[in-house]
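Participant: Would you mind keeping the following structure in view while I ask a few things?
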Amino acid sequence: MELYGYWRSSASYRVRIALKYKQLEYNYIPVHLIKDGGEQHKQSYRQLNPNGLVPTFVDGTVILHQSLAIMEYLDETYPHPSLLPGTAQQRGAIRAISLDIASELQPLINLRVQQYLMRELNLVDEQKQAWLQHWFRHSFTALERNLEEVAGNYCVGNQFSMADVCLVPQVYSAERFGIDLTPYPLLRSVYGRLSELPWVAAAHPSKQPDAEN
Ligand SMILES: N[C@@H](CCC(=O)N[C@@H](CS)C(=O)NCC(=O)O)C(=O)O
C-alpha cells in the first residue's frame, strides 16, 4: 500500500489515522504542496490524481483519491476495527460529521483557495485571516451543537469512528491558523481524548518523514 500525502495536509492526516487504526503497513510518499509551485500540480502526480490534491492511496491495482472514499474502501476491505461502528443511526451521524468537516469546511480553507484569495483577488493577509476565522467559526459552532447531541467520549457515542478521524486534523489545522477554540468546550475535550490514542498520535504531522519545523 502507498499513501501519497503531505505532512500538514488534513486530508492526508485523516488517511494516516485510518491506516494506523487498522494497523495496516503502508509506504508514505511525500508530495510537497508548496515547493516548486506544488508537486501536486506535476503531470506525473496528476496521472494518479487528476484533481491535483493529496491524498492518493494505492493498494495493488486500486488507485483512489478523496479521503472519505479511501476510508470507506479500507473499511470494506479491512473491516476490523470498523471506522463506521454502531447502529444505522450512529453511522448516519458519523457520516454527517465527516462530511460537515471534509465537504463543507475544509474545501473553503484549502491551500488553493487561500492562494486564489491572495494571488488573484489580491486580498491582504488580514483579509485572508478573516476568511479563515469566519468559516472555522461557522463550522465549529454547528459542530459543537451537533456534538452536544451525539458525542460520548468520542464524536459519536463511545466508539472511535470516521468522524473522529475527520475531527482531529481539522482541530490541528484550526490551531495552526490561530483559531480561538474557547467557545467549543466539547470539541476540545473530545479532541484532547482523541489525541492520546496511539494510532492518532502516530499519525500526527510532526511525526511524518516530510515534517518541517
Ligand atoms: N476532499 C479531498 C480534499 C483533498 C485536499 O483538499 N487536499 C489538500 C490538502 S488537505 C491539497 O492537496 N491541497 C493542495 C492545493 O490546494 O493545491 C479529500 O478529502 O481527500
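Here, A, B, ... name the chains of the C-alpha cells in the order displayed, residue numbers run from 1 inside each chain, and ligands are numbered from 1 in the same displayed order.
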Residues at most 6 Å from stretch 29-43 of chain A, counting only C-alpha atoms, excluding those fewer than 2 positions away in the same chain, as a ChimeraX atom specification?

Facilitator: /A:3-6,45-46,52-53

Participant: When DSSP works through the backbone of this structure, what residues of stretch 46-209 of chain A end up as strand (DSSP E or B), shown as a list of chain:residue names?

Facilitator: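 In stretch 46-209 of chain A, DSSP puts these residues in strand (DSSP E or B): A:Thr56, A:Phe57, A:Val58, A:Asp59, A:Val62, A:Ile63, A:Leu64, A:His65, A:Ala151, A:Gly157.
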
Participant: Take the residues from that selection and write them out as a short mmCIF file (atom, residue, chain, number, x, y, z; two decimals), in the first residue's frame, keeping N, CA and C atoms.

Facilitator:
```cif
data_model
loop_
_atom_site.label_atom_id
_atom_site.label_comp_id
_atom_site.auth_asym_id
_atom_site.auth_seq_id
_atom_site.Cartn_x
_atom_site.Cartn_y
_atom_site.Cartn_z
N THR A 56 -3.54 10.57 -2.23
CA THR A 56 -3.89 9.49 -3.16
C THR A 56 -3.42 8.20 -2.49
N PHE A 57 -4.24 7.18 -2.64
CA PHE A 57 -3.96 5.91 -1.97
C PHE A 57 -3.89 4.81 -3.02
N VAL A 58 -2.88 3.96 -2.91
CA VAL A 58 -2.72 2.86 -3.87
C VAL A 58 -2.66 1.54 -3.09
N ASP A 59 -3.49 0.60 -3.51
CA ASP A 59 -3.49 -0.74 -2.91
C ASP A 59 -3.49 -1.73 -4.06
N VAL A 62 -5.56 -0.89 -7.18
CA VAL A 62 -6.57 0.09 -6.79
C VAL A 62 -5.90 1.44 -6.54
N ILE A 63 -6.36 2.46 -7.23
CA ILE A 63 -5.84 3.82 -7.02
C ILE A 63 -7.03 4.70 -6.66
N LEU A 64 -6.97 5.31 -5.48
CA LEU A 64 -8.12 6.10 -5.02
C LEU A 64 -7.70 7.48 -4.56
N HIS A 65 -8.56 8.46 -4.80
CA HIS A 65 -8.41 9.76 -4.17
C HIS A 65 -9.66 10.02 -3.33
N ALA A 151 -22.28 13.18 20.92
CA ALA A 151 -20.97 12.76 21.44
C ALA A 151 -21.07 11.98 22.75
N GLY A 157 -21.03 8.85 20.32
CA GLY A 157 -21.02 7.83 21.37
C GLY A 157 -19.62 7.57 21.89
#
```

Participant: Given a cut-off of 7 Å, what residues near ligand 1 show up using only C-alpha atoms and all ligand atoms, put as a ChimeraX atom specification?

Facilitator: /A:9-12,33,38,40,52-55,65-68,102-103,106-107,110-113

Participant: Mind pulling up the distance from atom CA of A:Tyr13 to atom CA of A:Lys207?

Facilitator: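 Between atom CA of A:Lys207 and atom CA of A:Tyr13 the gap is 10.9 Å.
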
Participant: Compile the contact shell of A:Arg8 as a count of residues only: residues with an atom at most 9 Å away, counting only C-alpha atoms, same-chain residues fewer than 5 positions apart removed.

Facilitator: 7

Participant: Have a look at A:Leu143, A:Val165, A:Val15, A:Leu186 and name the one nearest to A:Tyr73; count only C-alpha atoms.

Facilitator: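 Of all the options, A:Val15 lies closest to A:Tyr73.
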
Participant: If we count only C-alpha atoms and set the cut-off at 12 Å, which residues sit around A:Gly178, ignoring sequence neighbours fewer than 3 positions away in its own chain? Please answer as a PyMOL selection string.

Facilitator: chain A and resi 129-130+132-133+136-137+171-175+181-182

Participant: From the set A:Leu147, A:Ala163, A:Leu117, A:Met71, which residue has the shortest atom-to-atom contact distance to A:Gly92, counting only C-alpha atoms?

Facilitator: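 Once distances to A:Gly92 are computed over only C-alpha atoms, the minimum belongs to A:Ala163.
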